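Pasted below: data_22.tsv, TSV, C-alpha atoms.
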chain	number	residue	atom	x	y	z
A	1	MET	CA	126.24	91.99	17.42
A	2	LYS	CA	129.99	92.63	17.40
A	3	PRO	CA	131.71	92.04	20.75
A	4	ILE	CA	133.73	94.27	22.98
A	5	VAL	CA	137.24	92.88	22.59
A	6	VAL	CA	139.78	93.15	25.42
A	7	VAL	CA	143.45	92.52	24.65
A	8	GLY	CA	145.34	91.34	27.72
A	9	SER	CA	144.60	89.11	30.70
A	10	GLY	CA	146.18	90.92	33.62
A	11	MET	CA	144.50	92.70	36.50
A	12	ALA	CA	143.39	95.64	34.31
A	13	ALA	CA	141.74	93.40	31.72
A	14	TYR	CA	139.89	91.16	34.14
A	15	THR	CA	138.85	94.03	36.40
A	16	VAL	CA	137.21	96.04	33.62
A	17	ILE	CA	135.37	92.93	32.40
A	18	ARG	CA	134.22	92.10	35.92
A	19	GLU	CA	132.98	95.68	36.42
A	20	LEU	CA	131.20	95.62	33.04
A	21	ARG	CA	129.47	92.35	33.90
A	22	LYS	CA	128.06	94.00	37.04
A	23	LEU	CA	126.36	96.49	34.73
A	24	ASN	CA	125.47	94.30	31.77
A	25	ARG	CA	125.35	90.50	31.41
A	26	GLU	CA	124.27	90.59	27.76
A	27	ILE	CA	127.11	92.40	25.93
A	28	PRO	CA	129.30	89.85	24.12
A	29	ILE	CA	132.90	90.08	25.29
A	30	THR	CA	135.99	88.45	23.81
A	31	LEU	CA	139.29	88.41	25.67
A	32	VAL	CA	142.49	87.87	23.67
A	33	SER	CA	145.59	86.86	25.65
A	34	ARG	CA	149.06	86.11	24.37
A	35	ASP	CA	149.61	83.80	27.35
A	36	SER	CA	147.49	81.21	29.17
A	37	GLY	CA	144.91	83.73	30.36
A	38	ASP	CA	145.05	82.44	33.94
A	39	SER	CA	144.12	85.06	36.54
A	40	TYR	CA	146.76	85.88	39.16
A	41	SER	CA	147.97	88.86	41.16
A	42	LYS	CA	151.07	90.28	39.49
A	43	PRO	CA	152.06	92.32	42.59
A	44	MET	CA	152.48	89.00	44.42
A	45	LEU	CA	155.45	88.07	42.22
A	46	SER	CA	157.87	90.28	44.17
A	47	ASN	CA	157.18	88.68	47.56
A	48	ALA	CA	156.15	85.14	46.69
A	49	PHE	CA	159.40	83.25	47.11
A	50	ALA	CA	159.79	83.57	50.88
A	51	GLN	CA	156.18	82.37	51.15
A	52	LYS	CA	157.19	79.26	49.17
A	53	LYS	CA	154.64	79.96	46.45
A	54	ASP	CA	155.14	78.34	43.03
A	55	ILE	CA	153.26	79.36	39.88
A	56	ASN	CA	150.42	76.92	40.58
A	57	SER	CA	149.71	78.45	43.98
A	58	LEU	CA	149.88	81.97	42.51
A	59	VAL	CA	147.11	81.26	39.98
A	60	GLN	CA	143.86	82.42	41.55
A	61	THR	CA	141.51	81.21	38.79
A	62	PRO	CA	142.49	79.26	35.64
A	63	ALA	CA	141.50	80.75	32.27
A	64	ALA	CA	138.62	78.33	31.76
A	65	GLY	CA	137.19	79.32	35.13
A	66	MET	CA	137.46	83.03	34.28
A	67	ALA	CA	135.71	82.48	30.94
A	68	LYS	CA	132.83	80.69	32.66
A	69	GLN	CA	132.62	83.08	35.60
A	70	LEU	CA	132.52	86.19	33.40
A	71	ASP	CA	130.63	84.63	30.47
A	72	ILE	CA	133.24	85.61	27.89
A	73	LYS	CA	134.95	84.06	24.91
A	74	LEU	CA	138.60	83.63	25.85
A	75	LEU	CA	141.32	83.16	23.24
A	76	ALA	CA	144.50	82.09	25.02
A	77	ASN	CA	148.02	81.98	23.54
A	78	THR	CA	146.87	84.29	20.75
A	79	GLU	CA	149.29	86.99	19.63
A	80	VAL	CA	147.80	90.16	18.15
A	81	ARG	CA	149.69	91.30	15.06
A	82	SER	CA	147.89	94.53	14.23
A	83	ILE	CA	144.73	96.62	14.55
A	84	ASP	CA	142.72	97.40	11.41
A	85	ARG	CA	140.87	100.51	12.60
A	86	GLU	CA	139.01	101.04	9.31
A	87	ARG	CA	137.45	97.56	9.39
A	88	LYS	CA	137.37	97.47	13.21
A	89	GLN	CA	139.26	94.21	13.29
A	90	LEU	CA	142.12	92.71	15.27
A	91	VAL	CA	144.55	90.76	13.14
A	92	THR	CA	145.89	87.83	15.19
A	93	VAL	CA	147.95	84.72	14.54
A	94	SER	CA	144.66	82.83	14.52
A	95	GLY	CA	142.80	85.14	12.14
A	96	GLU	CA	140.74	88.32	12.26
A	97	ILE	CA	138.47	89.31	15.16
A	98	GLU	CA	135.83	91.99	14.66
A	99	TYR	CA	135.09	94.42	17.45
A	100	GLU	CA	132.50	97.05	18.29
A	101	LYS	CA	134.78	98.53	20.95
A	102	LEU	CA	138.38	97.60	21.65
A	103	VAL	CA	140.11	97.77	25.04
A	104	LEU	CA	143.91	97.63	25.15
A	105	ALA	CA	145.18	96.30	28.49
A	106	LEU	CA	148.59	95.35	27.16
A	107	GLY	CA	150.67	95.89	30.29
A	108	ALA	CA	154.34	96.82	30.23
A	109	ASP	CA	157.73	95.25	29.55
A	110	PRO	CA	160.77	95.29	31.86
A	111	ILE	CA	163.34	97.91	30.91
A	112	ARG	CA	166.55	96.22	29.79
A	113	ILE	CA	169.79	98.00	30.68
A	114	PRO	CA	172.54	97.20	28.13
A	115	LEU	CA	175.57	95.60	29.78
A	116	GLN	CA	178.99	94.57	28.59
A	117	GLY	CA	180.41	91.10	29.14
A	118	ASP	CA	179.86	87.53	28.00
A	119	ALA	CA	176.97	86.93	30.43
A	120	ALA	CA	174.94	90.09	29.83
A	121	GLU	CA	172.04	88.09	28.39
A	122	ALA	CA	171.74	86.04	31.60
A	123	VAL	CA	170.09	88.90	33.51
A	124	LEU	CA	166.62	87.85	34.63
A	125	SER	CA	163.47	89.90	35.10
A	126	VAL	CA	160.16	88.85	36.62
A	127	ASN	CA	157.12	90.33	34.90
A	128	ASP	CA	154.72	87.38	34.65
A	129	LEU	CA	154.18	83.80	35.78
A	130	ALA	CA	156.50	82.34	33.14
A	131	ASP	CA	159.31	84.67	34.25
A	132	TYR	CA	158.69	83.74	37.88
A	133	ALA	CA	158.89	80.03	37.06
A	134	VAL	CA	162.33	80.53	35.45
A	135	PHE	CA	163.49	82.72	38.34
A	136	ARG	CA	162.32	80.22	40.95
A	137	GLU	CA	164.03	77.34	39.16
A	138	GLN	CA	167.37	79.18	38.95
A	139	LEU	CA	167.21	80.12	42.62
A	140	LYS	CA	167.44	76.42	43.52
A	141	ASN	CA	171.18	76.44	42.83
A	142	ALA	CA	171.89	79.97	44.06
A	143	LYS	CA	173.03	81.45	47.35
A	144	SER	CA	173.56	85.06	46.31
A	145	VAL	CA	171.52	87.46	44.16
A	146	ALA	CA	172.51	90.82	42.68
A	147	LEU	CA	169.52	93.12	42.22
A	148	MET	CA	169.61	95.92	39.68
A	149	GLY	CA	167.35	98.64	41.05
A	150	GLY	CA	166.55	99.98	44.50
A	151	GLY	CA	163.05	101.21	43.72
A	152	LEU	CA	159.73	99.79	44.86
A	153	ILE	CA	159.99	96.39	43.17
A	154	GLY	CA	163.71	96.12	43.89
A	155	CYS	CA	163.15	96.70	47.61
A	156	GLU	CA	160.32	94.17	47.69
A	157	PHE	CA	162.46	91.51	46.01
A	158	ALA	CA	165.41	92.34	48.27
A	159	ASN	CA	163.29	91.88	51.40
A	160	ASP	CA	161.71	88.69	50.06
A	161	LEU	CA	164.97	87.03	49.00
A	162	ALA	CA	166.90	88.05	52.11
A	163	THR	CA	164.08	86.68	54.27
A	164	ALA	CA	164.40	83.39	52.36
A	165	GLY	CA	168.11	83.24	53.28
A	166	TYR	CA	169.83	84.65	50.18
A	167	ALA	CA	172.68	87.14	50.28
A	168	VAL	CA	171.31	90.11	48.33
A	169	ALA	CA	173.29	92.98	46.81
A	170	VAL	CA	171.24	95.95	45.56
A	171	ILE	CA	172.88	98.18	42.93
A	172	ASP	CA	171.30	101.52	42.03
A	173	PRO	CA	172.61	104.79	40.54
A	174	SER	CA	170.50	106.81	42.98
A	175	ALA	CA	171.71	107.84	46.43
A	176	TYR	CA	169.23	105.83	48.51
A	177	PRO	CA	166.28	103.37	48.24
A	178	LEU	CA	162.99	104.50	46.64
A	179	ALA	CA	164.66	107.73	45.52
A	180	SER	CA	162.10	108.45	42.79
A	181	LEU	CA	159.20	108.19	45.26
A	182	MET	CA	160.23	109.83	48.50
A	183	PRO	CA	162.83	112.07	50.15
A	184	GLU	CA	166.23	110.90	51.34
A	185	GLN	CA	165.35	111.07	55.03
A	186	ALA	CA	162.59	108.53	54.44
A	187	GLY	CA	164.44	106.35	51.95
A	188	ARG	CA	167.45	105.90	54.20
A	189	GLN	CA	165.20	104.37	56.86
A	190	LEU	CA	165.28	101.11	54.90
A	191	LEU	CA	169.06	100.75	54.92
A	192	ALA	CA	169.76	99.31	58.36
A	193	PRO	CA	166.65	97.08	58.70
A	194	LEU	CA	167.31	95.37	55.35
A	195	GLU	CA	171.05	95.13	56.04
A	196	LYS	CA	170.14	93.26	59.23
A	197	ILE	CA	168.43	90.51	57.23
A	198	GLY	CA	171.19	90.15	54.62
A	199	VAL	CA	170.98	93.01	52.09
A	200	THR	CA	174.04	95.02	51.07
A	201	TRP	CA	173.62	98.32	49.23
A	202	HIS	CA	175.67	99.82	46.39
A	203	PHE	CA	174.35	103.29	45.57
A	204	GLY	CA	175.61	105.91	43.15
A	205	THR	CA	176.77	103.25	40.71
A	206	SER	CA	175.55	100.63	38.25
A	207	ILE	CA	176.60	97.31	36.74
A	208	GLN	CA	178.98	97.97	33.87
A	209	SER	CA	179.80	94.41	32.83
A	210	MET	CA	178.68	90.90	33.69
A	211	ASN	CA	180.89	87.90	32.93
A	212	LYS	CA	180.70	84.18	33.54
A	213	ALA	CA	182.72	82.89	36.48
A	214	SER	CA	183.61	79.38	37.62
A	215	SER	CA	180.54	79.69	39.81
A	216	GLY	CA	177.89	82.24	38.93
A	217	PHE	CA	178.91	85.64	37.60
A	218	THR	CA	181.47	88.37	38.12
A	219	LEU	CA	180.00	91.87	38.11
A	220	THR	CA	182.07	94.99	37.56
A	221	LEU	CA	180.40	98.15	38.78
A	222	ALA	CA	180.94	101.60	37.32
A	223	ASN	CA	182.80	102.68	40.48
A	224	GLY	CA	185.28	99.80	40.12
A	225	THR	CA	183.75	97.49	42.72
A	226	ILE	CA	183.83	93.77	41.83
A	227	LEU	CA	180.95	91.59	43.02
A	228	GLN	CA	180.21	87.87	42.73
A	229	ALA	CA	176.64	86.66	42.36
A	230	ASP	CA	174.97	83.38	41.48
A	231	LEU	CA	172.03	85.15	39.86
A	232	VAL	CA	171.30	88.68	38.61
A	233	LEU	CA	167.78	90.10	38.66
A	234	SER	CA	166.79	93.39	37.02
A	235	ALA	CA	164.10	95.48	38.68
A	236	VAL	CA	164.83	98.87	37.16
A	237	GLY	CA	161.30	99.61	36.00
A	238	LEU	CA	158.77	98.99	33.26
A	239	ARG	CA	158.04	100.51	29.87
A	240	SER	CA	154.45	100.63	28.61
A	241	ARG	CA	153.67	98.39	25.64
A	242	ILE	CA	152.73	100.93	22.99
A	243	GLN	CA	154.01	99.48	19.71
A	244	LEU	CA	150.71	97.87	18.68
A	245	ALA	CA	148.91	101.17	19.27
A	246	ARG	CA	151.60	103.21	17.52
A	247	ASP	CA	151.47	100.97	14.46
A	248	ALA	CA	147.70	101.49	14.33
A	249	GLY	CA	148.09	105.27	14.32
A	250	LEU	CA	146.92	105.81	17.88
A	251	THR	CA	148.50	108.64	19.84
A	252	VAL	CA	151.27	107.43	22.14
A	253	ASN	CA	153.75	109.07	24.47
A	254	ARG	CA	155.11	107.28	27.53
A	255	GLY	CA	151.94	105.21	27.29
A	256	ILE	CA	148.90	104.95	25.02
A	257	VAL	CA	147.38	108.41	25.39
A	258	VAL	CA	143.80	108.43	26.70
A	259	ASP	CA	141.45	111.00	28.18
A	260	SER	CA	139.53	110.81	31.47
A	261	ALA	CA	137.06	108.41	29.82
A	262	LEU	CA	140.02	106.11	28.95
A	263	ARG	CA	139.38	106.81	25.23
A	264	THR	CA	142.18	107.07	22.68
A	265	ASN	CA	142.11	109.32	19.62
A	266	ASP	CA	139.92	106.61	18.06
A	267	ASP	CA	136.43	106.74	19.61
A	268	SER	CA	136.13	102.94	19.47
A	269	ILE	CA	139.44	102.15	21.19
A	270	PHE	CA	140.28	102.48	24.88
A	271	ALA	CA	143.28	101.68	27.07
A	272	LEU	CA	143.96	101.17	30.77
A	273	GLY	CA	146.50	99.68	33.13
A	274	ASP	CA	150.27	99.80	32.76
A	275	CYS	CA	150.08	100.55	29.02
A	276	ALA	CA	147.91	103.66	29.38
A	277	GLU	CA	148.84	107.30	29.88
A	278	ILE	CA	145.77	108.87	31.48
A	279	GLU	CA	145.70	112.62	31.01
A	280	GLY	CA	149.50	112.74	31.04
A	281	LYS	CA	150.12	110.19	33.80
A	282	VAL	CA	151.21	106.56	33.73
A	283	LEU	CA	149.97	105.04	37.00
A	284	PRO	CA	151.29	101.46	37.36
A	285	TYR	CA	149.62	100.73	40.69
A	286	ILE	CA	146.64	98.65	41.82
A	287	LEU	CA	144.30	101.41	43.03
A	288	PRO	CA	144.48	103.53	39.85
A	289	ILE	CA	143.73	100.41	37.80
A	290	MET	CA	140.66	99.66	39.93
A	291	HIS	CA	139.30	103.20	39.61
A	292	ALA	CA	140.02	103.36	35.87
A	293	ALA	CA	138.32	99.99	35.32
A	294	ARG	CA	135.14	101.08	37.07
A	295	ALA	CA	134.92	104.25	34.99
A	296	LEU	CA	135.70	102.46	31.73
A	297	ALA	CA	133.06	99.78	32.41
A	298	LYS	CA	130.43	102.51	32.54
A	299	VAL	CA	131.71	104.06	29.30
A	300	LEU	CA	131.66	100.66	27.56
A	301	ASN	CA	128.08	100.23	28.75
A	302	GLY	CA	127.09	103.43	26.98
A	303	GLU	CA	127.11	105.72	30.01
A	304	VAL	CA	128.88	109.06	30.37
A	305	ALA	CA	131.68	108.64	32.89
A	306	LYS	CA	135.23	109.67	33.61
A	307	VAL	CA	137.84	108.47	36.04
A	308	ILE	CA	138.53	110.62	39.07
A	309	PHE	CA	141.44	109.46	41.16
A	310	PRO	CA	141.20	109.94	44.94
A	311	ALA	CA	144.21	109.88	47.25
A	312	MET	CA	145.78	106.48	46.58
A	313	PRO	CA	148.56	105.43	48.99
A	314	VAL	CA	151.13	102.93	47.74
A	315	VAL	CA	152.31	100.20	50.11
A	316	VAL	CA	155.82	98.80	49.69
A	317	LYS	CA	155.88	95.14	50.71
A	318	ALA	CA	159.05	95.29	52.83
A	319	PRO	CA	158.18	93.78	56.24
A	320	ALA	CA	161.70	94.46	57.57
A	321	HIS	CA	160.71	98.15	57.54
A	322	PRO	CA	157.16	98.89	56.32
A	323	VAL	CA	156.63	101.79	53.92
A	324	ALA	CA	153.49	103.58	52.73
A	325	LEU	CA	153.58	106.64	50.53
A	326	SER	CA	151.64	108.89	48.22
A	327	PRO	CA	153.89	109.88	45.31
A	328	VAL	CA	154.19	113.56	44.48
A	329	ALA	CA	153.59	114.74	40.92
A	330	ARG	CA	156.81	115.52	39.04
A	331	ASP	CA	155.81	119.13	38.50
A	332	ALA	CA	154.59	119.71	42.07
A	333	VAL	CA	155.94	122.83	43.78
A	334	GLY	CA	156.54	122.63	47.51
A	335	THR	CA	158.77	121.16	50.21
A	336	TRP	CA	159.09	117.99	52.27
A	337	GLN	CA	158.61	118.50	56.01
A	338	LEU	CA	159.39	116.06	58.82
A	339	LEU	CA	156.25	115.56	60.92
A	340	ALA	CA	157.41	112.83	63.31
A	341	SER	CA	160.30	110.42	63.83
A	342	GLY	CA	161.09	107.36	65.91
A	343	ASP	CA	161.34	103.84	64.54
A	344	GLY	CA	160.78	105.34	61.11
A	345	VAL	CA	159.59	108.75	59.91
A	346	LYS	CA	156.43	110.58	58.92
A	347	ILE	CA	157.12	113.18	56.22
A	348	GLY	CA	154.66	115.31	54.26
A	349	PHE	CA	155.07	117.26	51.04
A	350	PHE	CA	153.36	120.63	51.34
A	351	GLY	CA	152.54	123.03	48.53
A	352	ASN	CA	153.05	126.78	48.67
A	353	SER	CA	149.57	127.21	50.12
A	354	LYS	CA	150.47	124.73	52.90
A	355	ASN	CA	148.21	122.02	51.48
A	356	LEU	CA	149.37	118.40	51.74
A	357	LEU	CA	150.29	117.04	48.29
A	358	GLY	CA	152.03	113.78	49.20
A	359	PHE	CA	153.60	111.83	52.05
A	360	ALA	CA	156.09	109.15	53.02
A	361	LEU	CA	155.56	106.93	56.07
A	362	THR	CA	158.08	104.34	57.24
A	363	GLY	CA	158.41	101.93	60.13
A	364	GLU	CA	156.00	102.58	63.01
A	365	PHE	CA	154.23	105.32	61.03
A	366	ALA	CA	153.36	103.19	57.98
A	367	GLY	CA	150.05	102.23	59.57
A	368	GLU	CA	148.88	105.86	59.41
A	369	ARG	CA	148.39	105.78	55.64
A	370	SER	CA	144.58	106.00	55.81
A	371	GLU	CA	144.71	109.01	58.11
A	372	MET	CA	147.25	110.75	55.88
A	373	ALA	CA	145.24	109.89	52.75
A	374	GLN	CA	142.23	111.60	54.29
A	375	LYS	CA	144.31	114.71	54.94
A	376	LEU	CA	145.58	114.51	51.37
A	377	ALA	CA	142.01	114.46	50.10
A	378	GLY	CA	141.12	117.38	52.36
A	379	THR	CA	138.55	115.41	54.35
Could you spell out this file's structure in structure tokens?
Amino acid sequence: MKPIVVVGSGMAAYTVIRELRKLNREIPITLVSRDSGDSYSKPMLSNAFAQKKDINSLVQTPAAGMAKQLDIKLLANTEVRSIDRERKQLVTVSGEIEYEKLVLALGADPIRIPLQGDAAEAVLSVNDLADYAVFREQLKNAKSVALMGGGLIGCEFANDLATAGYAVAVIDPSAYPLASLMPEQAGRQLLAPLEKIGVTWHFGTSIQSMNKASSGFTLTLANGTILQADLVLSAVGLRSRIQLARDAGLTVNRGIVVDSALRTNDDSIFALGDCAEIEGKVLPYILPIMHAARALAKVLNGEVAKVIFPAMPVVVKAPAHPVALSPVARDAVGTWQLLASGDGVKIGFFGNSKNLLGFALTGEFAGERSEMAQKLAGT
């Protein structure tokens, strides 16, 4: 019997296997990982430093333990070169692997912004344990960090590093923090609390060039501002890994295109997690991954199922000023309305029929996310 083959070893990959094992202990499963295959929580990477966590303490279960626990064949450090859809085979650096069904949980890569200057290649990003190890090592000799990006991950890193005693400069072309996720009145709530712990903000601009200095780097911003930093970290976003799927003739857009059953245009191939575009949406958050994994496990077990996403609040790990939000669809029609203010704000996005379509909660109101999620779901 040919196995179900899962490519990837992140949260999406291990969650769908775990859910499938709840339904069926007999189906052979092979996991193919280009790294060690150790299980860890990727969201922890952006707030691990202040907690003094190294890569060993971030690993929840080593690869061998996952293989035993889930009763799977695990191929670590194995790069996939191509997918032979006709023969239903993966072509890897270690040879061919046959599959009955194939699950792509490839994740995403950090977006790299091209910079001028002789130190442009020194920009770091943290997208996995290996990246975090490099980042942590370089922080040993640093006192100041320049952060490219004031979005969710950028704010989490800024809070974490400032809490650990680093001087942090955040540079973002938007007008305020978390601009792609919530309105200005909510985003600006983060400014003063994070400034208080050592964060400086540079909005409406970007890094134009990065050059080596006698100590660290000299950064020239598009607005003419000159900054000095010992280390530069990019947190401007992720791009779904779609090249393997594209080369195999699968339909891709911003992600690998799948339907509500997580199926691609090939009935034997599925995708989920950061690499997947589910009915037009790329949802790089924990809760969507969990719901998609449960639905896909049923499909892989031969059942008829589809993923239905409930209201799924997103929590920004910024203890200096807590934030919880439910992002609004890009094509949503409506207006943001202030519902309450104090040490933070409660703001809702209401459609033309006065129905709640999204919200942003900061400060003292962040704890109301469950209540607002219920209103969002209409319960």
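Near A:Gln243, within a cut-off of 12 Å and counting all atoms listed in the file, sit the residues A:Val80, A:Arg81, A:Ser82, A:Ile83, A:Leu104, A:Leu106, A:Gly107, A:Ala108, A:Asp109, A:Gly249, A:Leu250, A:Thr251, A:Val252, A:Asn253, A:Arg254, A:Gly255, A:Ile256, A:Cys275, with same-chain residues fewer than 6 positions away left out.
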Q: Return the single residue from A:Arg34, A:Asn352, A:Ala366, A:Gly149 that is closest to A:Ser174, with distances computed using all atoms listed in the file.
A: A:Gly149
Q) From the set A:Met312, A:Leu361, A:Ala167, A:Leu325, which residue has the shortest atom-to-atom contact distance to A:Ser341, counting all atoms listed in the file? A)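 Among A:Met312, A:Leu361, A:Ala167, A:Leu325, it is A:Leu361 that comes nearest to A:Ser341.
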Q. Which of these, A:Val299, A:Val91, A:Phe217, A:Ser9, has the shortest distance to A:Pro62 once you count all atoms listed in the file?
A. A:Ser9
Q: Within 9 Å of A:Tyr14, counting only C-alpha atoms, which residues show up once you throw out same-chain ones fewer than 6 positions away? Write them as a PyMOL selection string, please.
A: chain A and resi 6+8+31+39+66+70
Q: Pick out the residues sitting within 9 Å of A:Lys143, and hand them over as a list of chain:residue names; count all atoms listed in the file, and ignore anything fewer than 5 positions along from it in its own chain.
A: A:Gly165, A:Tyr166, A:Ala167, A:Val168, A:Ala229, A:Asp230, A:Leu231
Keeping only C-alpha atoms, write the selected residues as a PDB file, in the frame of the given file.
ATOM      1  CA  GLY A 165     168.110  83.240  53.280  1.00  0.00           C
ATOM      2  CA  TYR A 166     169.830  84.650  50.180  1.00  0.00           C
ATOM      3  CA  ALA A 167     172.680  87.140  50.280  1.00  0.00           C
ATOM      4  CA  VAL A 168     171.310  90.110  48.330  1.00  0.00           C
ATOM      5  CA  ALA A 229     176.640  86.660  42.360  1.00  0.00           C
ATOM      6  CA  ASP A 230     174.970  83.380  41.480  1.00  0.00           C
ATOM      7  CA  LEU A 231     172.030  85.150  39.860  1.00  0.00           C
TER       8      LEU A 231
END
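Here atom CA of A:Glu19 and atom CA of A:Val32 stand 17.7 Å from one another.
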Q) Leaving out stretch 56-58 of chain A and any residue of its chain fewer than 4 positions from it, which residues lie within 8 Å of it when counting only C-alpha atoms, given as a ChimeraX atom specification? A) /A:40-41,44
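With distances restricted to only C-alpha atoms, A:Ala186 is the closest residue to A:Leu338 from A:Ala146, A:Ala64, A:Ala186, A:Ala271.
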(Q) Calculated over all atoms listed in the file, which of the candidates A:Pro327, A:Gly154, A:Gly302, A:Gly367 has the smallest distance to A:Ile4? (A)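 Once distances to A:Ile4 are computed over all atoms listed in the file, the minimum belongs to A:Gly302.
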(Q) Taking 5 positions as the minimum chain separation for residues in the same chain, which residues sit within 9 Å of A:Asp274 when counting all atoms listed in the file? Answer as a PyMOL selection string. (A) chain A and resi 12+105-108+238-241+255+282-285+289
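With distances restricted to only C-alpha atoms, A:Thr30 is the closest residue to A:Ala76 from A:Gln208, A:Thr30, A:Asn355, A:Ser46.
One finds atom CA of A:Phe203 at 5.5 Å from atom CA of A:Pro173.
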Q) Between atom CA of A:Ala329 and atom CA of A:Met11, what is the distance, to one decimal in Å? A)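 Going from atom CA of A:Ala329 over to atom CA of A:Met11, I get 24.2 Å.
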Q. Taking (145.1, 102.9, 45.2) in the file's coordinates, which residues come within 7 Å, counting all atoms listed in the file, written as a VMD selection string?
A. chain A and resid 285 to 288 312 to 314
Q. Do you know which residues lie at most 8 Å from (135.5, 91.7, 16.9), with coordinates as in the file and all atoms listed in the file counted, and could you write them as a PyMOL selection string?
A. chain A and resi 2-5+30+88-90+96-101
